[in-house]
Amino acid sequence: MSTTHSQLTGGGPGPEESSENSILSTSQAHVQVNTSVTDDLLDEIDDLLEENAEDFVRSYIQKGGE
Amino acid sequence: MTRFLGTETEYGISSPSDPMLSPILSSTHAVVALSALTTHARSRWDYEEEYPLRDVRGFDIRRYHTVPVVDADAVGVANVVLDNGARYYVDHAHPEYSSPECSNAWDAMIYNIAGDMVLNQAREILDNLAEQGVSTLKGHPPCAPIKIYKNNVDGKGASYGAHENYLYDRRIPFATIAQSLIPFFVARQVVAGAGRLGIGEKGEIDAFQISQRADYFYQDISLETTLNRGIINTRDEPHADTEKYGRLHVIVGDANMSQTANFLKLGMTSLVLDAVEAGVDFHDLHLGDPVGELRAVSHDIHLAHRIKLSDGREFSALELLEEYRRRITPRTQVDHQVVELWDEVTGLLAEDPLRTSHLLDWTAKWALMKSYLDRGVAIGDAKLKLIDLQYTDVDPQRSLYHALVRKGRMVTLVEPSTIEAAMHEPPTDSRAWLRGVLVREFGAAIIAASWQTVVLEANGKEYRLNMPELAGLGKGELNTVIEAAAGDPVALVEALQDPAFAHKLQVID
């Protein structure tokens, strides 16, 4: 049964996660399960994106591999 | 039998400031420069010239203050074994990193991600060398700045792979493995897909799909890897005892940035293979049209597509994964971690796929793109194609994936220091440990190294170490021997000829 609160958002190990190396208790990011992408985040992404998307994408050409 | 596994990643490579630079050449630069400065590979190379380096800032360059200048076309130059036991080489105009053999999916995930850091370090080294006007390739100028992408398509029709390798017991008929896995590979895309903007080999249709690779597969089963690819690849090169073992070479998966997607892809597949070997029957899940279903599942980001089984039943991809989930049995601690995450992720996907955008690559990409669409950007806008590509940049300063991680929007499973350590330290529990330690501690004596063999020179003679087993040649078994040899290849060869090792390691002179 799925839970509303992703266990990966927890602050620390819960009672059933007390085993050493429980992947949920050692996962590194306390992440909001908030799927809305904020304007803030989009601004940052925008700043990171290579200039001139059209040219950049057009000139990305690879030889096929396996 | 421990189900050893590993991955091979062909990285995309470009040099935007010098578009005419051949990717074979830039890939060669990327392999040679890193190998020259972080491994003992130069002891095998044929070269006359060396350049002094005035600046070794920032790199773990342990003892080299010069860089050799080699012939780019010389055999064996752009093909090295790294200290962590991985292979790093040029393949089909791409730099390729093949991880060391791992005993479990958790390590295999770590060593796969370590490849991204290796490639990023290669990029940085090339920048550093170029700043000093230095090139490691004779007759060629310093390499223009390169970009490295961990993806599988260029949007113009070319595709390149992210392969998985799983050891299996050769007593199991290959046909059984193939038929058991085909429906699984169709279904697991909803977890492991890396997302792609563009449907059709050349991205003719402006729409988002779950998998990078789905449109490049044409057969259920095929030996070919560069065209006419099959969902199941029949390459049969175990690089191990050929009577006991097979190596399942999987080419249908996507390259994943996400640690969760990587871990699940590898762990889920391992568990299904365990079930197949234990005699669990999957033949009722046979699909009528696997290639058609592979694409149909990938093209439906709402996960609603009904996959048609040969017996008439229909399942969604999640329902098909549930069938596999019911039939697998977790045994090890890592198995249990896989299953925990399998349940968590499929549960979230069932609620709304975007509820996994902090975990999986395809939904992370789609969430970003969708927010641009919601703000009026057209689906055909180049910006969205750029997001698809730049998400996979291995440079943490440029990569959209790494930006999401920094902003706490994407889960990671391990600390960066764990990945960094995996760049240099081999897994301790497979023959990769022996290989890695040999190239690091006995580098000057190594003539050649590959998956199953290491050739070294001792006292003017050549010795070939043959390793037909993946287990039993790790730190636990051999550390004492290695340390006792203290860098002396003669002592090493003598010690390895101990009959106690004979069934796992043969020393041939």
# chains A, B, ... in the order shown; residues from 1 in each chain; ligands from 1

$ interface_residues --of "chain B" --to "chain A" --cutoff "6 Å" --atoms "only C-alpha atoms" --output "NGL selection string"
:B and (92 or 154 or 158-161 or 225-226 or 347 or 382-383 or 386 or 408-409 or 411-413)

$ select_by_dssp --residues "range 138-217 of chain B" --states "helix (DSSP H, G or I)" --output "PyMOL selection string"
chain B and resi 174-187+189-192+214-216

$ residues_around --residues "Glu462 in chain B" --least-positions-apart "3" --cutoff "9 Å" --atoms "only C-alpha atoms" --output "list in words"
Ile447, Val455, Leu456, Glu457, Ala458, Asn459, Ile508 and Asp509 of chain B

$ atom_distance --atom1 "CA of Glu425 in chain B" --atom2 "CA of Ala485 in chain B"
19.3 Å

$ select_by_dssp --residues "range 87-329 of chain B" --states "strand (DSSP E or B)" --output "compact mmCIF listing (two decimals) with all heavy atoms, in the first residue's frame"
# COMPACT_ATOMS: atom_id res chain seq x y z
N ARG B 87 37.49 -0.54 -16.50
CA ARG B 87 38.15 -0.30 -17.77
C ARG B 87 37.66 1.04 -18.29
O ARG B 87 36.48 1.38 -18.18
CB ARG B 87 37.80 -1.39 -18.78
CG ARG B 87 38.71 -2.60 -18.73
CD ARG B 87 38.45 -3.51 -19.93
NE ARG B 87 38.80 -2.86 -21.18
CZ ARG B 87 38.14 -3.01 -22.34
NH1 ARG B 87 37.08 -3.79 -22.38
NH2 ARG B 87 38.52 -2.39 -23.43
N TYR B 88 38.58 1.78 -18.90
CA TYR B 88 38.28 3.12 -19.40
C TYR B 88 38.92 3.22 -20.77
O TYR B 88 40.13 3.02 -20.90
CB TYR B 88 38.84 4.15 -18.41
CG TYR B 88 38.68 5.61 -18.77
CD1 TYR B 88 37.45 6.12 -19.20
CD2 TYR B 88 39.74 6.48 -18.63
CE1 TYR B 88 37.32 7.47 -19.52
CE2 TYR B 88 39.62 7.83 -18.94
CZ TYR B 88 38.41 8.32 -19.39
OH TYR B 88 38.27 9.65 -19.68
N TYR B 89 38.14 3.47 -21.82
CA TYR B 89 38.67 3.31 -23.16
C TYR B 89 37.79 4.05 -24.16
O TYR B 89 36.74 4.59 -23.81
CB TYR B 89 38.74 1.82 -23.53
CG TYR B 89 37.46 1.07 -23.28
CD1 TYR B 89 36.60 0.73 -24.32
CD2 TYR B 89 37.11 0.67 -21.99
CE1 TYR B 89 35.42 0.04 -24.08
CE2 TYR B 89 35.94 -0.02 -21.75
CZ TYR B 89 35.09 -0.33 -22.79
OH TYR B 89 33.92 -1.02 -22.55
N VAL B 90 38.24 4.08 -25.41
CA VAL B 90 37.48 4.70 -26.49
C VAL B 90 36.75 3.59 -27.25
O VAL B 90 37.37 2.60 -27.64
CB VAL B 90 38.39 5.47 -27.45
CG1 VAL B 90 37.58 6.04 -28.62
CG2 VAL B 90 39.12 6.58 -26.72
N ASP B 91 35.46 3.77 -27.43
CA ASP B 91 34.68 2.78 -28.17
C ASP B 91 33.73 3.52 -29.11
O ASP B 91 32.92 4.32 -28.65
CB ASP B 91 33.90 1.91 -27.17
CG ASP B 91 33.26 0.70 -27.84
OD1 ASP B 91 33.75 0.27 -28.90
OD2 ASP B 91 32.27 0.19 -27.30
N HIS B 94 33.19 7.23 -28.64
CA HIS B 94 32.72 7.67 -27.33
C HIS B 94 33.74 7.23 -26.28
O HIS B 94 34.30 6.15 -26.39
CB HIS B 94 31.39 7.01 -26.98
CG HIS B 94 30.27 7.36 -27.91
ND1 HIS B 94 29.44 8.43 -27.69
CD2 HIS B 94 29.84 6.78 -29.05
CE1 HIS B 94 28.55 8.49 -28.68
NE2 HIS B 94 28.77 7.50 -29.51
N PRO B 95 33.93 8.04 -25.25
CA PRO B 95 34.70 7.52 -24.12
C PRO B 95 33.78 6.56 -23.36
O PRO B 95 32.60 6.86 -23.16
CB PRO B 95 35.04 8.75 -23.28
CG PRO B 95 34.09 9.81 -23.70
CD PRO B 95 33.48 9.43 -25.01
N GLU B 96 34.30 5.43 -22.97
CA GLU B 96 33.47 4.44 -22.30
C GLU B 96 34.12 4.03 -20.98
O GLU B 96 35.34 3.85 -20.90
CB GLU B 96 33.27 3.21 -23.19
CG GLU B 96 32.39 2.13 -22.55
CD GLU B 96 31.80 1.16 -23.56
OE1 GLU B 96 31.78 1.47 -24.75
OE2 GLU B 96 31.36 0.08 -23.13
N TYR B 97 33.28 3.89 -19.97
CA TYR B 97 33.73 3.45 -18.64
C TYR B 97 32.99 2.16 -18.32
O TYR B 97 31.75 2.15 -18.33
CB TYR B 97 33.41 4.55 -17.61
CG TYR B 97 33.53 4.12 -16.16
CD1 TYR B 97 34.72 4.29 -15.45
CD2 TYR B 97 32.43 3.57 -15.49
CE1 TYR B 97 34.81 3.91 -14.10
CE2 TYR B 97 32.52 3.19 -14.16
CZ TYR B 97 33.71 3.36 -13.47
OH TYR B 97 33.80 3.01 -12.15
N SER B 98 33.74 1.11 -18.08
CA SER B 98 33.14 -0.17 -17.68
C SER B 98 33.49 -0.42 -16.23
O SER B 98 34.65 -0.59 -15.88
CB SER B 98 33.70 -1.31 -18.53
OG SER B 98 33.09 -1.33 -19.78
N CYS B 102 30.96 -6.10 -9.32
CA CYS B 102 30.47 -5.92 -7.96
C CYS B 102 29.61 -7.11 -7.55
O CYS B 102 29.03 -7.76 -8.40
CB CYS B 102 29.64 -4.63 -7.86
SG CYS B 102 30.58 -3.15 -8.26
N LEU B 137 48.70 14.00 -27.01
CA LEU B 137 48.64 13.26 -28.28
C LEU B 137 49.57 13.90 -29.30
O LEU B 137 49.43 15.07 -29.65
CB LEU B 137 47.20 13.23 -28.81
CG LEU B 137 46.16 12.60 -27.87
CD1 LEU B 137 44.80 12.56 -28.53
CD2 LEU B 137 46.58 11.20 -27.44
N LYS B 147 32.47 18.62 -23.48
CA LYS B 147 31.30 18.38 -22.65
C LYS B 147 31.01 16.89 -22.70
O LYS B 147 31.14 16.27 -23.77
CB LYS B 147 30.11 19.17 -23.18
CG LYS B 147 30.28 20.66 -22.96
CD LYS B 147 28.95 21.35 -22.92
CE LYS B 147 29.08 22.78 -22.42
NZ LYS B 147 29.26 22.83 -20.97
N ILE B 148 30.66 16.34 -21.56
CA ILE B 148 30.39 14.90 -21.46
C ILE B 148 28.96 14.72 -20.95
O ILE B 148 28.57 15.33 -19.96
CB ILE B 148 31.35 14.22 -20.47
CG1 ILE B 148 32.80 14.42 -20.90
CG2 ILE B 148 31.02 12.74 -20.32
CD1 ILE B 148 33.25 13.53 -22.03
N TYR B 149 28.20 13.89 -21.65
CA TYR B 149 26.81 13.65 -21.29
C TYR B 149 26.57 12.17 -21.03
O TYR B 149 27.04 11.31 -21.79
CB TYR B 149 25.88 14.12 -22.41
CG TYR B 149 25.99 15.60 -22.68
CD1 TYR B 149 26.76 16.10 -23.73
CD2 TYR B 149 25.34 16.52 -21.85
CE1 TYR B 149 26.88 17.45 -23.95
CE2 TYR B 149 25.45 17.89 -22.07
CZ TYR B 149 26.22 18.35 -23.12
OH TYR B 149 26.33 19.70 -23.33
N VAL B 153 21.11 9.34 -26.68
CA VAL B 153 20.68 9.77 -28.02
C VAL B 153 21.23 11.15 -28.33
O VAL B 153 21.52 11.93 -27.42
CB VAL B 153 19.13 9.80 -28.15
CG1 VAL B 153 18.50 8.49 -27.71
CG2 VAL B 153 18.54 10.95 -27.37
N SER B 159 22.26 6.53 -31.56
CA SER B 159 22.04 6.07 -30.19
C SER B 159 23.25 5.29 -29.72
O SER B 159 23.92 4.63 -30.50
CB SER B 159 20.78 5.21 -30.10
OG SER B 159 20.57 4.81 -28.76
N ALA B 162 24.02 2.21 -22.55
CA ALA B 162 24.38 2.04 -21.15
C ALA B 162 24.06 0.57 -20.86
O ALA B 162 22.90 0.20 -20.78
CB ALA B 162 23.56 2.96 -20.26
N HIS B 163 25.09 -0.23 -20.77
CA HIS B 163 24.87 -1.67 -20.70
C HIS B 163 25.00 -2.19 -19.27
O HIS B 163 25.73 -1.63 -18.46
CB HIS B 163 25.89 -2.41 -21.58
CG HIS B 163 25.83 -2.00 -23.02
ND1 HIS B 163 26.82 -2.32 -23.92
CD2 HIS B 163 24.91 -1.30 -23.71
CE1 HIS B 163 26.49 -1.83 -25.11
NE2 HIS B 163 25.35 -1.21 -25.01
N GLU B 164 24.26 -3.26 -19.01
CA GLU B 164 24.38 -3.95 -17.71
C GLU B 164 24.88 -5.37 -17.98
O GLU B 164 24.55 -5.95 -19.02
CB GLU B 164 23.02 -4.03 -17.01
CG GLU B 164 22.31 -2.70 -16.82
CD GLU B 164 20.81 -2.84 -17.02
OE1 GLU B 164 20.17 -3.59 -16.24
OE2 GLU B 164 20.26 -2.21 -17.94
N ASN B 165 25.64 -5.87 -17.05
CA ASN B 165 26.16 -7.23 -17.18
C ASN B 165 25.87 -8.01 -15.90
O ASN B 165 26.16 -7.52 -14.80
CB ASN B 165 27.67 -7.21 -17.41
CG ASN B 165 28.03 -6.54 -18.72
OD1 ASN B 165 27.87 -7.11 -19.79
ND2 ASN B 165 28.51 -5.31 -18.63
N TYR B 166 25.29 -9.18 -16.06
CA TYR B 166 24.92 -10.00 -14.89
C TYR B 166 25.48 -11.41 -15.09
O TYR B 166 25.23 -12.05 -16.11
CB TYR B 166 23.40 -10.11 -14.76
CG TYR B 166 22.68 -8.78 -14.63
CD1 TYR B 166 22.29 -8.06 -15.76
CD2 TYR B 166 22.39 -8.24 -13.37
CE1 TYR B 166 21.64 -6.85 -15.64
CE2 TYR B 166 21.73 -7.02 -13.25
CZ TYR B 166 21.36 -6.33 -14.39
OH TYR B 166 20.71 -5.12 -14.27
N LEU B 167 26.21 -11.88 -14.10
CA LEU B 167 26.70 -13.26 -14.15
C LEU B 167 25.52 -14.21 -13.97
O LEU B 167 24.63 -13.94 -13.16
CB LEU B 167 27.70 -13.48 -13.02
CG LEU B 167 28.60 -14.71 -13.13
CD1 LEU B 167 29.64 -14.50 -14.24
CD2 LEU B 167 29.30 -14.98 -11.80
N TYR B 168 25.49 -15.29 -14.76
CA TYR B 168 24.44 -16.27 -14.51
C TYR B 168 25.01 -17.68 -14.62
O TYR B 168 26.07 -17.90 -15.20
CB TYR B 168 23.24 -16.08 -15.44
CG TYR B 168 23.47 -16.35 -16.92
CD1 TYR B 168 23.32 -17.63 -17.44
CD2 TYR B 168 23.83 -15.32 -17.79
CE1 TYR B 168 23.52 -17.89 -18.79
CE2 TYR B 168 24.03 -15.57 -19.14
CZ TYR B 168 23.88 -16.85 -19.63
OH TYR B 168 24.09 -17.10 -20.96
N ASP B 169 24.27 -18.61 -14.05
CA ASP B 169 24.65 -20.02 -14.03
C ASP B 169 24.34 -20.62 -15.40
O ASP B 169 23.19 -20.61 -15.84
CB ASP B 169 23.85 -20.73 -12.93
CG ASP B 169 24.26 -22.17 -12.73
OD1 ASP B 169 24.69 -22.83 -13.72
OD2 ASP B 169 24.14 -22.66 -11.60
N ARG B 196 12.94 11.14 -22.49
CA ARG B 196 13.46 11.65 -23.75
C ARG B 196 12.42 12.55 -24.39
O ARG B 196 11.25 12.17 -24.53
CB ARG B 196 13.78 10.48 -24.69
CG ARG B 196 14.32 10.94 -26.02
CD ARG B 196 14.67 9.80 -26.95
NE ARG B 196 14.81 10.34 -28.29
CZ ARG B 196 14.37 9.77 -29.40
NH1 ARG B 196 13.75 8.60 -29.34
NH2 ARG B 196 14.53 10.36 -30.56
N LEU B 197 12.82 13.73 -24.81
CA LEU B 197 11.92 14.60 -25.54
C LEU B 197 12.13 14.31 -27.02
O LEU B 197 13.17 14.59 -27.58
CB LEU B 197 12.19 16.08 -25.24
CG LEU B 197 11.20 17.03 -25.91
CD1 LEU B 197 9.78 16.74 -25.45
CD2 LEU B 197 11.56 18.48 -25.59
N GLY B 198 11.10 13.69 -27.60
CA GLY B 198 11.21 13.29 -28.99
C GLY B 198 10.78 11.85 -29.12
O GLY B 198 11.21 11.00 -28.34
N ILE B 199 9.90 11.59 -30.06
CA ILE B 199 9.49 10.21 -30.34
C ILE B 199 9.89 9.90 -31.78
O ILE B 199 9.71 10.73 -32.66
CB ILE B 199 7.98 10.03 -30.12
CG1 ILE B 199 7.68 10.10 -28.61
CG2 ILE B 199 7.49 8.71 -30.70
CD1 ILE B 199 6.23 9.86 -28.24
N ILE B 205 8.64 13.39 -33.73
CA ILE B 205 7.45 13.86 -33.04
C ILE B 205 7.86 14.56 -31.76
O ILE B 205 8.60 14.00 -30.93
CB ILE B 205 6.51 12.68 -32.70
CG1 ILE B 205 6.11 11.95 -33.99
CG2 ILE B 205 5.28 13.15 -31.94
CD1 ILE B 205 5.44 10.61 -33.75
N ASP B 206 7.36 15.78 -31.61
CA ASP B 206 7.67 16.56 -30.40
C ASP B 206 6.78 16.10 -29.25
O ASP B 206 5.71 16.66 -29.02
CB ASP B 206 7.46 18.06 -30.65
CG ASP B 206 8.59 18.68 -31.45
OD1 ASP B 206 9.75 18.24 -31.30
OD2 ASP B 206 8.31 19.62 -32.24
N ALA B 207 7.21 15.08 -28.57
CA ALA B 207 6.45 14.60 -27.41
C ALA B 207 7.45 13.93 -26.48
O ALA B 207 8.52 13.48 -26.91
CB ALA B 207 5.38 13.61 -27.84
N PHE B 208 7.10 13.85 -25.21
CA PHE B 208 8.01 13.28 -24.22
C PHE B 208 7.73 11.79 -24.06
O PHE B 208 6.57 11.37 -24.08
CB PHE B 208 7.81 13.99 -22.87
CG PHE B 208 8.84 13.64 -21.83
CD1 PHE B 208 10.12 14.17 -21.89
CD2 PHE B 208 8.51 12.79 -20.78
CE1 PHE B 208 11.08 13.84 -20.92
CE2 PHE B 208 9.47 12.46 -19.81
CZ PHE B 208 10.75 12.99 -19.88
N GLN B 209 8.77 11.00 -23.93
CA GLN B 209 8.58 9.58 -23.67
C GLN B 209 9.46 9.14 -22.52
O GLN B 209 10.41 9.84 -22.14
CB GLN B 209 8.83 8.74 -24.92
CG GLN B 209 10.24 8.76 -25.49
CD GLN B 209 10.43 7.70 -26.57
OE1 GLN B 209 10.09 6.54 -26.37
NE2 GLN B 209 11.00 8.11 -27.71
N PHE B 217 15.07 -0.15 -30.88
CA PHE B 217 15.05 -1.61 -30.78
C PHE B 217 14.06 -2.21 -31.75
O PHE B 217 12.92 -1.72 -31.88
CB PHE B 217 14.76 -2.04 -29.33
CG PHE B 217 15.99 -1.91 -28.48
CD1 PHE B 217 16.43 -0.66 -28.06
CD2 PHE B 217 16.76 -3.01 -28.19
CE1 PHE B 217 17.61 -0.51 -27.34
CE2 PHE B 217 17.94 -2.89 -27.46
CZ PHE B 217 18.36 -1.63 -27.04
N TYR B 218 14.50 -3.25 -32.44
CA TYR B 218 13.70 -3.80 -33.53
C TYR B 218 13.45 -5.31 -33.44
O TYR B 218 12.69 -5.85 -34.24
CB TYR B 218 14.39 -3.49 -34.87
CG TYR B 218 14.30 -2.03 -35.22
CD1 TYR B 218 15.23 -1.11 -34.73
CD2 TYR B 218 13.25 -1.57 -35.99
CE1 TYR B 218 15.11 0.23 -35.02
CE2 TYR B 218 13.12 -0.21 -36.28
CZ TYR B 218 14.05 0.69 -35.81
OH TYR B 218 13.92 2.01 -36.09
N GLN B 219 14.12 -5.96 -32.51
CA GLN B 219 14.00 -7.42 -32.39
C GLN B 219 13.72 -7.81 -30.96
O GLN B 219 14.09 -7.09 -30.05
CB GLN B 219 15.33 -8.08 -32.79
CG GLN B 219 15.85 -7.74 -34.16
CD GLN B 219 15.11 -8.46 -35.26
OE1 GLN B 219 14.33 -9.38 -35.00
NE2 GLN B 219 15.36 -8.05 -36.49
N ASP B 220 13.14 -8.98 -30.79
CA ASP B 220 13.05 -9.54 -29.44
C ASP B 220 14.46 -9.91 -28.97
O ASP B 220 14.86 -9.62 -27.85
CB ASP B 220 12.20 -10.82 -29.43
CG ASP B 220 10.78 -10.59 -29.86
OD1 ASP B 220 10.44 -9.44 -30.23
OD2 ASP B 220 9.99 -11.55 -29.83
N ILE B 221 15.15 -10.62 -29.85
CA ILE B 221 16.45 -11.20 -29.50
C ILE B 221 17.40 -11.00 -30.68
O ILE B 221 17.03 -11.30 -31.81
CB ILE B 221 16.32 -12.71 -29.21
CG1 ILE B 221 15.32 -12.94 -28.06
CG2 ILE B 221 17.66 -13.34 -28.88
CD1 ILE B 221 15.09 -14.40 -27.71
N SER B 222 18.57 -10.49 -30.43
CA SER B 222 19.52 -10.23 -31.52
C SER B 222 20.94 -10.16 -30.99
O SER B 222 21.15 -9.77 -29.85
CB SER B 222 19.14 -8.91 -32.22
OG SER B 222 20.19 -8.45 -33.03
N ARG B 229 18.85 -3.73 -33.09
CA ARG B 229 19.11 -4.17 -31.71
C ARG B 229 17.96 -5.01 -31.17
O ARG B 229 16.79 -4.79 -31.52
CB ARG B 229 19.30 -2.95 -30.81
CG ARG B 229 20.52 -2.08 -31.18
CD ARG B 229 20.55 -0.84 -30.30
NE ARG B 229 21.66 0.05 -30.54
CZ ARG B 229 21.63 1.09 -31.39
NH1 ARG B 229 20.53 1.34 -32.09
NH2 ARG B 229 22.68 1.86 -31.54
N GLY B 230 18.29 -5.93 -30.30
CA GLY B 230 17.27 -6.78 -29.69
C GLY B 230 17.10 -6.46 -28.22
O GLY B 230 18.06 -6.06 -27.55
N ILE B 231 15.87 -6.63 -27.73
CA ILE B 231 15.59 -6.42 -26.31
C ILE B 231 16.52 -7.31 -25.47
O ILE B 231 16.99 -6.91 -24.41
CB ILE B 231 14.11 -6.71 -25.99
CG1 ILE B 231 13.23 -5.71 -26.74
CG2 ILE B 231 13.84 -6.67 -24.49
CD1 ILE B 231 11.74 -6.02 -26.66
N ILE B 232 16.76 -8.52 -25.99
CA ILE B 232 17.75 -9.41 -25.40
C ILE B 232 18.94 -9.48 -26.35
O ILE B 232 18.78 -9.73 -27.54
CB ILE B 232 17.18 -10.83 -25.19
CG1 ILE B 232 16.00 -10.80 -24.22
CG2 ILE B 232 18.27 -11.79 -24.73
CD1 ILE B 232 16.38 -10.53 -22.77
N ASN B 233 20.12 -9.25 -25.82
CA ASN B 233 21.34 -9.35 -26.63
C ASN B 233 21.99 -10.71 -26.37
O ASN B 233 22.08 -11.13 -25.22
CB ASN B 233 22.28 -8.20 -26.27
CG ASN B 233 23.59 -8.28 -27.03
OD1 ASN B 233 24.60 -8.72 -26.50
ND2 ASN B 233 23.58 -7.86 -28.28
N TYR B 245 29.78 -20.34 -16.31
CA TYR B 245 29.13 -19.03 -16.23
C TYR B 245 28.72 -18.48 -17.58
O TYR B 245 29.36 -18.71 -18.61
CB TYR B 245 30.07 -18.01 -15.59
CG TYR B 245 30.55 -18.40 -14.22
CD1 TYR B 245 31.90 -18.61 -13.97
CD2 TYR B 245 29.65 -18.58 -13.17
CE1 TYR B 245 32.35 -18.98 -12.71
CE2 TYR B 245 30.09 -18.95 -11.91
CZ TYR B 245 31.43 -19.15 -11.69
OH TYR B 245 31.87 -19.52 -10.45
N GLY B 246 27.66 -17.70 -17.55
CA GLY B 246 27.35 -16.84 -18.67
C GLY B 246 27.33 -15.41 -18.16
O GLY B 246 27.23 -15.17 -16.96
N ARG B 247 27.45 -14.49 -19.08
CA ARG B 247 27.31 -13.06 -18.72
C ARG B 247 26.18 -12.53 -19.56
O ARG B 247 26.26 -12.50 -20.79
CB ARG B 247 28.60 -12.30 -19.03
CG ARG B 247 28.49 -10.78 -18.86
CD ARG B 247 29.83 -10.07 -19.07
NE ARG B 247 30.37 -10.24 -20.40
CZ ARG B 247 30.36 -9.32 -21.36
NH1 ARG B 247 29.80 -8.15 -21.15
NH2 ARG B 247 30.91 -9.56 -22.54
N LEU B 248 25.08 -12.18 -18.88
CA LEU B 248 23.95 -11.58 -19.59
C LEU B 248 24.29 -10.14 -19.89
O LEU B 248 24.52 -9.34 -18.96
CB LEU B 248 22.67 -11.68 -18.76
CG LEU B 248 21.44 -11.09 -19.46
CD1 LEU B 248 21.05 -11.96 -20.65
CD2 LEU B 248 20.28 -10.98 -18.47
N HIS B 249 24.35 -9.80 -21.16
CA HIS B 249 24.76 -8.46 -21.60
C HIS B 249 23.50 -7.71 -22.01
O HIS B 249 22.89 -8.00 -23.05
CB HIS B 249 25.73 -8.63 -22.78
CG HIS B 249 26.28 -7.35 -23.33
ND1 HIS B 249 26.11 -6.98 -24.65
CD2 HIS B 249 27.00 -6.36 -22.76
CE1 HIS B 249 26.71 -5.81 -24.86
NE2 HIS B 249 27.26 -5.42 -23.73
N VAL B 250 23.09 -6.78 -21.20
CA VAL B 250 21.81 -6.08 -21.40
C VAL B 250 22.07 -4.73 -22.02
O VAL B 250 22.81 -3.91 -21.45
CB VAL B 250 21.08 -5.89 -20.04
CG1 VAL B 250 19.78 -5.10 -20.22
CG2 VAL B 250 20.80 -7.26 -19.41
N LEU B 287 4.81 -11.98 -24.12
CA LEU B 287 4.09 -10.91 -24.81
C LEU B 287 3.90 -11.23 -26.28
O LEU B 287 4.74 -11.88 -26.91
CB LEU B 287 4.89 -9.60 -24.71
CG LEU B 287 5.28 -9.11 -23.31
CD1 LEU B 287 5.95 -7.76 -23.41
CD2 LEU B 287 4.09 -9.07 -22.38
N ILE B 307 -0.55 -3.62 -21.88
CA ILE B 307 0.36 -4.54 -22.58
C ILE B 307 -0.39 -5.84 -22.83
O ILE B 307 -1.01 -6.39 -21.91
CB ILE B 307 1.61 -4.82 -21.71
CG1 ILE B 307 2.35 -3.51 -21.41
CG2 ILE B 307 2.53 -5.84 -22.38
CD1 ILE B 307 3.37 -3.64 -20.29
N LYS B 308 -0.33 -6.35 -24.07
CA LYS B 308 -1.06 -7.58 -24.39
C LYS B 308 -0.18 -8.81 -24.28
O LYS B 308 0.81 -8.96 -24.99
CB LYS B 308 -1.64 -7.50 -25.81
CG LYS B 308 -2.80 -6.53 -25.92
CD LYS B 308 -3.13 -6.23 -27.37
CE LYS B 308 -3.89 -4.91 -27.50
NZ LYS B 308 -3.29 -3.80 -26.71
N LEU B 309 -0.54 -9.70 -23.36
CA LEU B 309 0.18 -10.96 -23.24
C LEU B 309 -0.30 -11.93 -24.31
O LEU B 309 -1.41 -11.80 -24.84
CB LEU B 309 -0.06 -11.57 -21.85
CG LEU B 309 0.88 -11.12 -20.73
CD1 LEU B 309 0.88 -9.62 -20.55
CD2 LEU B 309 0.53 -11.82 -19.42
N GLU B 314 -4.27 -8.61 -20.32
CA GLU B 314 -3.65 -7.31 -20.50
C GLU B 314 -3.21 -6.76 -19.16
O GLU B 314 -3.95 -6.84 -18.17
CB GLU B 314 -4.67 -6.33 -21.14
CG GLU B 314 -5.00 -6.68 -22.58
CD GLU B 314 -5.86 -5.61 -23.23
OE1 GLU B 314 -6.35 -4.70 -22.52
OE2 GLU B 314 -6.04 -5.70 -24.46
N PHE B 315 -2.00 -6.21 -19.15
CA PHE B 315 -1.50 -5.60 -17.93
C PHE B 315 -0.95 -4.22 -18.25
O PHE B 315 -0.36 -4.00 -19.30
CB PHE B 315 -0.32 -6.42 -17.36
CG PHE B 315 -0.68 -7.72 -16.72
CD1 PHE B 315 -0.14 -8.91 -17.16
CD2 PHE B 315 -1.55 -7.74 -15.64
CE1 PHE B 315 -0.45 -10.12 -16.55
CE2 PHE B 315 -1.88 -8.95 -15.02
CZ PHE B 315 -1.33 -10.14 -15.48
